[in-house]
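Have a look at final.cif below; it lists mmCIF, C-alpha atoms and all ligand atoms.
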data_upload
loop_
_atom_site.label_atom_id
_atom_site.label_comp_id
_atom_site.auth_asym_id
_atom_site.auth_seq_id
_atom_site.Cartn_x
_atom_site.Cartn_y
_atom_site.Cartn_z
CA MET L 1 57.17 -12.36 -6.56
CA ASN L 2 53.63 -11.59 -5.33
CA GLU L 3 50.99 -14.09 -6.24
CA LEU L 4 47.72 -12.86 -7.70
CA PRO L 5 44.82 -13.14 -5.25
CA SER L 6 42.74 -16.20 -5.97
CA PHE L 7 39.21 -15.94 -7.34
CA PHE L 8 37.76 -17.15 -4.04
CA SER L 9 39.63 -14.61 -1.92
CA VAL L 10 38.34 -11.79 -4.19
CA LEU L 11 34.86 -13.24 -3.91
CA GLY L 12 35.24 -13.34 -0.13
CA VAL L 13 36.24 -9.66 -0.01
CA VAL L 14 33.30 -8.67 -2.25
CA PHE L 15 30.95 -10.67 -0.04
CA VAL L 16 32.22 -8.97 3.14
CA ILE L 17 31.86 -5.54 1.51
CA LEU L 18 28.27 -6.33 0.44
CA ILE L 19 27.38 -7.55 3.94
CA PHE L 20 28.88 -4.37 5.37
CA ILE L 21 26.86 -2.15 3.00
CA PHE L 22 23.71 -4.16 3.76
CA GLY L 23 24.29 -3.72 7.52
CA VAL L 24 24.88 0.03 7.17
CA LEU L 25 21.72 0.50 5.08
CA LEU L 26 19.74 -1.54 7.59
CA LEU L 27 21.09 0.62 10.40
CA ILE L 28 20.23 3.85 8.55
CA SER L 29 16.71 2.51 7.88
CA ILE L 30 16.14 1.70 11.55
CA VAL L 31 17.39 5.14 12.61
CA LEU L 32 14.97 6.73 10.10
CA ILE L 33 12.08 4.58 11.37
CA TYR L 34 12.79 5.52 15.02
CA SER L 35 13.10 9.17 14.08
CA ILE L 36 9.77 9.11 12.20
CA LEU L 37 8.04 7.36 15.11
CA ARG L 38 9.46 9.78 17.68
CA LYS L 39 9.05 13.04 15.79
CA LYS L 40 5.88 12.03 13.90
CA LYS L 41 7.49 13.68 10.91
CA ILE L 42 8.91 12.06 7.81
CA ILE L 43 12.39 13.19 6.91
CA PHE L 44 14.00 12.38 3.55
CA PRO L 45 10.76 10.76 2.31
CA ARG L 46 12.08 9.44 -1.02
CA THR L 47 15.28 8.03 0.51
CA THR L 48 13.29 6.45 3.32
CA LEU L 49 10.83 4.96 0.86
CA PHE L 50 13.64 3.54 -1.28
CA LEU L 51 15.35 1.97 1.74
CA LEU L 52 12.13 0.53 3.17
CA ASP L 53 11.11 -0.90 -0.21
CA THR L 54 14.56 -2.40 -0.85
CA LEU L 55 15.07 -3.85 2.62
CA TYR L 56 11.40 -4.68 3.25
CA TYR L 57 11.66 -8.28 4.53
CA PRO L 58 14.89 -8.05 6.57
CA LEU L 59 13.67 -4.75 8.04
CA LYS L 60 10.41 -6.32 9.15
CA ARG L 61 12.32 -9.08 10.94
CA LEU L 62 14.63 -6.56 12.56
CA VAL L 63 11.74 -4.36 13.66
CA VAL L 64 10.04 -7.34 15.34
CA SER L 65 13.28 -8.31 17.09
CA LEU L 66 13.41 -4.74 18.45
CA ASN L 67 9.93 -5.20 19.95
CA LEU L 68 8.25 -2.88 17.49
CA ASP L 69 5.07 -3.73 15.59
CA GLU L 70 6.02 -5.10 12.17
CA SER L 71 3.23 -2.98 10.63
CA VAL L 72 5.30 0.20 11.14
CA VAL L 73 7.29 -0.53 7.99
CA ASP L 74 4.13 -0.76 5.87
CA LYS L 75 2.45 2.19 7.59
CA ILE L 76 5.43 4.48 7.04
CA GLU L 77 5.62 3.47 3.36
CA ILE L 78 1.86 4.09 2.94
CA ASP L 79 2.13 7.46 4.65
CA ILE L 80 5.05 8.53 2.45
CA ARG L 81 3.33 7.43 -0.76
CA ASN L 82 0.16 9.27 0.24
CA LYS L 83 2.20 12.42 0.84
CA ILE L 84 4.21 12.13 -2.36
CA LEU L 85 1.33 11.11 -4.65
CA LYS L 86 -1.64 12.94 -3.14
CA ASN L 87 -1.45 15.97 -5.45
CA GLU L 88 -1.94 13.83 -8.55
CA TYR L 89 -4.80 11.92 -6.94
CA PHE L 90 -6.64 14.97 -5.57
CA SER L 91 -6.28 16.87 -8.83
CA SER L 92 -7.80 14.00 -10.85
CA LYS L 93 -11.43 14.24 -11.97
CA ILE L 94 -13.86 12.54 -9.58
CA LYS L 95 -15.48 10.67 -12.47
CA ASP L 96 -12.07 9.12 -13.29
CA ARG L 97 -11.61 7.74 -9.78
CA ILE L 98 -12.24 4.14 -8.83
CA VAL L 99 -12.45 2.62 -5.37
CA VAL L 100 -11.00 -0.75 -4.39
CA PHE L 101 -12.15 -2.37 -1.14
CA PRO L 102 -10.77 -5.59 0.36
CA TYR L 103 -12.73 -8.83 0.25
CA CYS L 104 -12.69 -9.10 4.07
CA LEU L 105 -14.80 -5.95 4.48
CA ARG L 106 -17.93 -7.79 3.33
CA SER L 107 -20.42 -9.44 5.65
CA VAL L 108 -19.86 -13.17 6.13
CA GLU L 109 -23.42 -13.50 4.81
CA CYS L 110 -22.56 -11.78 1.54
CA LYS L 111 -24.37 -13.48 -1.34
CA ALA L 112 -22.73 -11.49 -4.11
CA HIS L 113 -21.28 -13.35 -7.08
CA VAL L 114 -17.46 -13.38 -7.28
CA SER L 115 -15.53 -13.45 -10.54
CA PRO L 116 -11.78 -13.24 -11.16
CA GLU L 117 -12.35 -10.39 -13.65
CA LEU L 118 -14.73 -8.17 -11.67
CA GLY L 119 -14.17 -9.29 -8.10
CA VAL L 120 -17.27 -9.25 -5.89
CA ASN L 121 -20.36 -7.99 -7.70
CA CYS L 122 -22.01 -6.19 -4.76
CA ILE L 123 -25.81 -6.34 -4.91
CA LYS L 124 -26.14 -3.65 -2.21
CA CYS L 125 -27.93 -5.98 0.22
CA GLY L 126 -27.09 -3.70 3.13
CA LYS L 127 -25.36 -6.34 5.24
CA CYS L 128 -22.09 -4.43 5.20
CA LYS L 129 -20.92 -0.82 4.78
CA ILE L 130 -20.01 -1.32 1.13
CA GLY L 131 -23.66 -1.44 -0.05
CA ASN L 132 -24.53 2.16 0.97
CA PHE L 133 -21.21 3.42 -0.28
CA LYS L 134 -21.71 1.74 -3.64
CA GLU L 135 -25.13 3.37 -3.94
CA ILE L 136 -23.50 6.81 -3.65
CA CYS L 137 -20.79 5.81 -6.15
CA ASP L 138 -23.38 4.47 -8.62
CA GLU L 139 -25.21 7.83 -8.48
CA ASN L 140 -21.91 9.53 -9.38
CA SER L 141 -20.81 6.97 -11.99
CA ILE L 142 -17.79 5.96 -9.88
CA LYS L 143 -16.70 2.34 -10.13
CA VAL L 144 -16.33 0.30 -6.95
CA PHE L 145 -14.42 -2.97 -6.84
CA ILE L 146 -14.10 -5.50 -4.04
CA ALA L 147 -10.76 -7.23 -4.51
CA PRO L 148 -10.32 -10.95 -3.84
CA GLY L 149 -6.53 -10.35 -3.53
CA GLY L 150 -3.78 -7.74 -3.74
CA SER L 151 -2.95 -8.48 -7.40
CA PHE L 152 -6.60 -7.92 -8.44
CA VAL L 153 -5.88 -4.22 -8.80
CA LYS L 154 -3.61 -4.99 -11.80
CA ARG L 155 -6.54 -6.62 -13.61
CA VAL L 156 -8.79 -3.63 -12.83
CA LEU L 157 -6.23 -1.23 -14.26
CA LYS L 158 -5.95 -3.18 -17.48
CA LYS L 159 -9.62 -2.34 -18.06
CA HIS L 160 -9.46 1.19 -16.64
CA PRO L 161 -5.92 2.40 -17.36
CA LYS L 162 -6.75 6.12 -17.08
CA SER L 163 -8.16 5.88 -13.58
CA SER L 164 -6.89 7.23 -10.33
CA VAL L 165 -7.42 4.82 -7.48
CA LEU L 166 -8.62 5.09 -3.91
CA LEU L 167 -7.45 1.97 -2.09
CA VAL L 168 -8.69 0.53 1.19
CA ALA L 169 -6.90 -2.46 2.77
CA CYS L 170 -4.85 -3.75 5.69
CA HIS L 171 -1.25 -2.51 5.98
CA VAL L 172 0.38 -5.40 4.06
CA GLU L 173 -2.10 -5.45 1.14
CA LEU L 174 -2.34 -1.68 0.97
CA ASN L 175 1.41 -1.25 0.85
CA GLU L 176 1.71 -3.92 -1.84
CA MET L 177 -1.03 -2.38 -4.00
CA MET L 178 0.35 1.14 -3.58
CA ARG L 179 3.79 -0.12 -4.60
CA ILE L 180 2.33 -1.68 -7.77
CA LEU L 181 0.40 1.46 -8.69
CA SER L 182 3.19 3.92 -7.97
CA ALA L 183 5.56 1.86 -10.16
CA LYS L 184 3.01 2.38 -12.97
CA ARG L 185 2.69 6.08 -12.07
CA ILE L 186 -1.02 5.79 -11.39
CA PRO L 187 -2.51 8.46 -9.10
CA GLU L 188 -3.53 6.79 -5.87
CA TYR L 189 -4.47 7.36 -2.27
CA GLY L 190 -4.48 4.67 0.41
CA ILE L 191 -6.68 4.30 3.50
CA LEU L 192 -5.94 1.71 6.17
CA LEU L 193 -8.61 -0.52 7.67
CA GLU L 194 -9.51 0.38 11.25
CA LYS L 195 -10.09 -3.26 12.18
CA THR L 196 -8.07 -5.92 10.38
CA GLY L 197 -8.44 -9.69 10.22
CA CYS L 198 -9.66 -12.23 7.73
CA ILE L 199 -13.41 -11.55 8.05
CA GLU L 200 -15.73 -8.61 8.71
CA THR L 201 -13.03 -5.99 8.95
CA ASP L 202 -13.89 -2.32 9.28
CA VAL L 203 -12.97 1.06 7.82
CA ASP L 204 -13.94 4.65 8.55
CA MET L 205 -16.36 5.01 5.63
CA GLU L 206 -16.77 8.77 6.23
CA LEU L 207 -13.02 9.14 5.67
CA VAL L 208 -13.28 7.05 2.48
CA LYS L 209 -16.12 9.30 1.24
CA ASP L 210 -14.15 12.45 2.11
CA LYS L 211 -11.10 11.27 0.18
CA LEU L 212 -13.21 10.09 -2.75
CA PHE L 213 -14.90 13.46 -3.24
CA GLU L 214 -12.02 15.70 -2.17
CA VAL L 215 -10.62 17.91 -4.91
CA ARG L 216 -7.65 20.25 -4.50
S1 LIG A 301 -23.54 -4.91 0.69
FE1 LIG A 301 -22.55 -5.88 -1.08
S2 LIG A 301 -20.57 -6.55 -0.37
FE2 LIG A 301 -21.79 -6.09 1.45
S3 LIG A 301 -22.65 -8.06 2.04
FE3 LIG A 301 -24.16 -7.07 0.68
S4 LIG A 301 -23.69 -7.76 -1.39
FE4 LIG A 301 -21.93 -8.28 -0.10
#
Would you mind writing the structure in this file as structure tokens?
Ligand code: SF4
Amino acid sequence: MNELPSFFSVLGVVFVILIFIFGVLLLISIVLIYSILRKKKIIFPRTTLFLLDTLYYPLKRLVVSLNLDESVVDKIEIDIRNKILKNEYFSSKIKDRIVVFPYCLRSVECKAHVSPELGVNCIKCGKCKIGNFKEICDENSIKVFIAPGGSFVKRVLKKHPKSSVLLVACHVELNEMMRILSAKRIPEYGILLEKTGCIETDVDMELVKDKLFEVR
């Protein structure tokens, strides 16, 4: 008479199957990443986005072990979200748009007051690019926030839930913020910093202006 398989042997089989599925998905993700990098064209955007979101941390480790820049995972996700969500963002009213800059874009000499609710209250001192940009936004009644951290955008949206959001940040922060906003179905568009780091980073402000005032 056959004995019933023990609980632990069933568990072992389930574990092996899960590892196998995980390995296959990881392999598919890497093939998609290589294909996107080679052809400069995103295929199966929603599937790719799902896989990259789900396998984010192991994929980043794998990408580094394959001598690729770990930022490719974030950059591909940002690119896909921009492509998928751009219609909603560009069809939103300009007066309903808000802009969120990263803290590191300010001058190290910035004297603006910082609060957890409002972020940096820019006084337009002119020591960094944000001052001039804020002047233009003030003239058009567009709100500008300077975020002390990636989760700050959640607080902003509690106060301005009907907004569409133009985000500027480094690849990790931008991807994280875009993930948060897309889960809440908030129209958004992301722009990467040109120079990253912890202080005095840089962004193409003309590009930010173009995307802020672009309507389709
Ligand atoms: S322009 Fe605004 S953000 Fe930039 S350094 Fe001056 S106060 Fe700070």
Practice prompt. List all protein, DNA and RNA residues that have an atom no more than 8 Å from any atom of ligand LIG 301 (chain A), counting all atoms listed in the file, and report them as a list in words.
Written response: Leu105, Arg106, Ser107, Val108, Glu109, Cys110, Lys111, Ala112, Val120, Asn121, Cys122, Ile123, Lys124, Cys125, Gly126, Lys127, Cys128, Lys129, Ile130, Gly131, Asn132 and Ile146 of chain L
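For the residues L:Ser9, L:Asn175, L:Thr201, L:Ser141, ranking by smallest atom-to-atom distance to Tyr56 of chain L using all atoms listed in the file places L:Asn175 first.
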Any chance you could work out the axis-aligned box around segment 160-172 of chain L, listed atoms only, 5 Å on each side, giving centre and edge lengths in Å to one decimal, as AutoDock Vina command-line options?
--center_x -4.5 --center_y 0.9 --center_z -5.7 --size_x 19.8 --size_y 22.6 --size_z 33.3
Item to complete: With a distance cut-off of 10 Å and all atoms listed in the file, select the neighbouring residues of Asn82 of chain L, excluding the residue or stretch itself and same-chain residues fewer than 6 positions from it, and output the selection as JSON, numbers by chain.
Response: {"L": [76, 89, 178, 187, 188, 189, 190, 191]}
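In this comparison, which uses all atoms listed in the file, the residue of L:Gly23, L:Lys195, L:Val10, L:Thr47 approaching Cys104 of chain L most closely is L:Lys195.
Interatomic distance, atom CA of Thr48 of chain L against atom CA of Val14 of chain L: 25.7 Å.
Using all atoms listed in the file, the smallest distance between any of L:Asp74, L:Asp96, L:Glu206, L:Asp69 and Asn140 of chain L comes from L:Asp96.
Among the candidate residues L:Leu157, L:Ile21, L:Val168, L:Ile142, the one lying nearest to Leu207 of chain L is L:Val168, with distances computed using only C-alpha atoms.
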Practice prompt. Pull the neighbourhood of (-10.1, -1.7, -4.7) for me: all residues within 8 Å in file coordinates, counting all atoms listed in the file, as a PyMOL selection string.
Written response: chain L and resi 98-102+144-147+153+165-168
Go ahead and write the selection's residues with C-alpha atoms as a PDB file, in the coordinates of the input.
ATOM      1  CA  ILE L  98     -12.240   4.140  -8.830  1.00  0.00           C
ATOM      2  CA  VAL L  99     -12.450   2.620  -5.370  1.00  0.00           C
ATOM      3  CA  VAL L 100     -11.000  -0.750  -4.390  1.00  0.00           C
ATOM      4  CA  PHE L 101     -12.150  -2.370  -1.140  1.00  0.00           C
ATOM      5  CA  PRO L 102     -10.770  -5.590   0.360  1.00  0.00           C
ATOM      6  CA  VAL L 144     -16.330   0.300  -6.950  1.00  0.00           C
ATOM      7  CA  PHE L 145     -14.420  -2.970  -6.840  1.00  0.00           C
ATOM      8  CA  ILE L 146     -14.100  -5.500  -4.040  1.00  0.00           C
ATOM      9  CA  ALA L 147     -10.760  -7.230  -4.510  1.00  0.00           C
ATOM     10  CA  VAL L 153      -5.880  -4.220  -8.800  1.00  0.00           C
ATOM     11  CA  VAL L 165      -7.420   4.820  -7.480  1.00  0.00           C
ATOM     12  CA  LEU L 166      -8.620   5.090  -3.910  1.00  0.00           C
ATOM     13  CA  LEU L 167      -7.450   1.970  -2.090  1.00  0.00           C
ATOM     14  CA  VAL L 168      -8.690   0.530   1.190  1.00  0.00           C
TER      15      VAL L 168
END
Fill in: Polymer residues at most 7 Å from segment 90-93 of chain L, only C-alpha atoms, same-chain spacing of 4 or more positions, as a ChimeraX atom specification
/L:86,97,164,214-216
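Every protein or nucleic acid residue with an atom no more than 12 Å from Lys60 of chain L, counting only C-alpha atoms and leaving out same-chain residues fewer than 2 positions away, appears here: L:Leu26, L:Ser29, L:Ile30, L:Ile33, L:Leu52, L:Asp53, L:Thr54, L:Leu55, L:Tyr56, L:Tyr57, L:Pro58, L:Leu62, L:Val63, L:Val64, L:Ser65, L:Leu66, L:Asn67, L:Leu68, L:Asp69, L:Glu70, L:Ser71, L:Val72, L:Val73, L:Asp74, L:Lys75, L:Val172.
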Write out all heavy atoms for segment 10-21 of chain L, as a CSV table (one decimal), keeping the file's coordinate frame.
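Okay, this is what ended up in out_5.csv:
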chain,number,residue,atom,x,y,z
L,10,VAL,N,39.0,-13.0,-3.7
L,10,VAL,CA,38.3,-11.8,-4.2
L,10,VAL,C,36.8,-11.9,-3.9
L,10,VAL,O,36.2,-10.9,-3.4
L,10,VAL,CB,38.6,-11.6,-5.7
L,10,VAL,CG1,37.7,-10.5,-6.3
L,10,VAL,CG2,40.1,-11.4,-6.0
L,11,LEU,N,36.3,-13.0,-4.2
L,11,LEU,CA,34.9,-13.2,-3.9
L,11,LEU,C,34.5,-13.0,-2.4
L,11,LEU,O,33.5,-12.4,-2.1
L,11,LEU,CB,34.5,-14.7,-4.3
L,11,LEU,CG,33.0,-14.9,-4.6
L,11,LEU,CD1,32.6,-14.1,-5.9
L,11,LEU,CD2,32.7,-16.4,-4.9
L,12,GLY,N,35.4,-13.5,-1.6
L,12,GLY,CA,35.2,-13.3,-0.1
L,12,GLY,C,35.2,-11.9,0.3
L,12,GLY,O,34.4,-11.4,1.0
L,13,VAL,N,36.2,-11.1,-0.3
L,13,VAL,CA,36.2,-9.7,0.0
L,13,VAL,C,35.0,-8.9,-0.5
L,13,VAL,O,34.4,-8.1,0.3
L,13,VAL,CB,37.5,-9.0,-0.7
L,13,VAL,CG1,37.5,-7.5,-0.5
L,13,VAL,CG2,38.8,-9.6,0.0
L,14,VAL,N,34.5,-9.3,-1.7
L,14,VAL,CA,33.3,-8.7,-2.2
L,14,VAL,C,32.1,-9.0,-1.3
L,14,VAL,O,31.3,-8.1,-1.0
L,14,VAL,CB,33.0,-9.2,-3.7
L,14,VAL,CG1,31.6,-8.7,-4.2
L,14,VAL,CG2,34.1,-8.6,-4.6
L,15,PHE,N,32.1,-10.2,-0.9
L,15,PHE,CA,31.0,-10.7,0.0
L,15,PHE,C,30.9,-9.9,1.3
L,15,PHE,O,29.9,-9.4,1.7
L,15,PHE,CB,31.1,-12.2,0.2
L,15,PHE,CG,30.0,-12.7,1.0
L,15,PHE,CD1,28.7,-12.9,0.5
L,15,PHE,CD2,30.2,-13.1,2.4
L,15,PHE,CE1,27.7,-13.4,1.2
L,15,PHE,CE2,29.1,-13.7,3.1
L,15,PHE,CZ,27.9,-13.8,2.5
L,16,VAL,N,32.1,-9.7,1.9
L,16,VAL,CA,32.2,-9.0,3.1
L,16,VAL,C,31.8,-7.5,2.9
L,16,VAL,O,31.1,-6.9,3.7
L,16,VAL,CB,33.7,-9.1,3.7
L,16,VAL,CG1,33.8,-8.1,4.9
L,16,VAL,CG2,34.0,-10.5,4.2
L,17,ILE,N,32.2,-6.9,1.8
L,17,ILE,CA,31.9,-5.5,1.5
L,17,ILE,C,30.3,-5.4,1.4
L,17,ILE,O,29.7,-4.5,1.9
L,17,ILE,CB,32.6,-5.0,0.2
L,17,ILE,CG1,34.1,-4.9,0.5
L,17,ILE,CG2,32.0,-3.7,-0.2
L,17,ILE,CD1,34.9,-4.6,-0.7
L,18,LEU,N,29.7,-6.4,0.6
L,18,LEU,CA,28.3,-6.3,0.4
L,18,LEU,C,27.5,-6.5,1.8
L,18,LEU,O,26.5,-5.8,2.0
L,18,LEU,CB,27.8,-7.4,-0.5
L,18,LEU,CG,28.2,-7.2,-2.0
L,18,LEU,CD1,27.8,-8.4,-2.8
L,18,LEU,CD2,27.6,-5.9,-2.5
L,19,ILE,N,28.0,-7.4,2.6
L,19,ILE,CA,27.4,-7.6,3.9
L,19,ILE,C,27.5,-6.3,4.7
L,19,ILE,O,26.5,-5.8,5.4
L,19,ILE,CB,28.1,-8.7,4.7
L,19,ILE,CG1,27.8,-10.1,4.0
L,19,ILE,CG2,27.6,-8.8,6.2
L,19,ILE,CD1,26.4,-10.6,4.2
L,20,PHE,N,28.7,-5.6,4.6
L,20,PHE,CA,28.9,-4.4,5.4
L,20,PHE,C,27.9,-3.3,4.9
L,20,PHE,O,27.2,-2.6,5.7
L,20,PHE,CB,30.3,-3.9,5.2
L,20,PHE,CG,30.6,-2.6,5.8
L,20,PHE,CD1,30.8,-2.5,7.2
L,20,PHE,CD2,30.8,-1.4,5.1
L,20,PHE,CE1,31.1,-1.3,7.8
L,20,PHE,CE2,31.0,-0.2,5.7
L,20,PHE,CZ,31.2,-0.2,7.1
L,21,ILE,N,27.8,-3.2,3.6
L,21,ILE,CA,26.9,-2.2,3.0
L,21,ILE,C,25.4,-2.5,3.4
L,21,ILE,O,24.7,-1.6,3.8
L,21,ILE,CB,27.0,-2.1,1.4
L,21,ILE,CG1,28.3,-1.6,1.0
L,21,ILE,CG2,25.9,-1.3,0.8
L,21,ILE,CD1,28.6,-1.7,-0.4
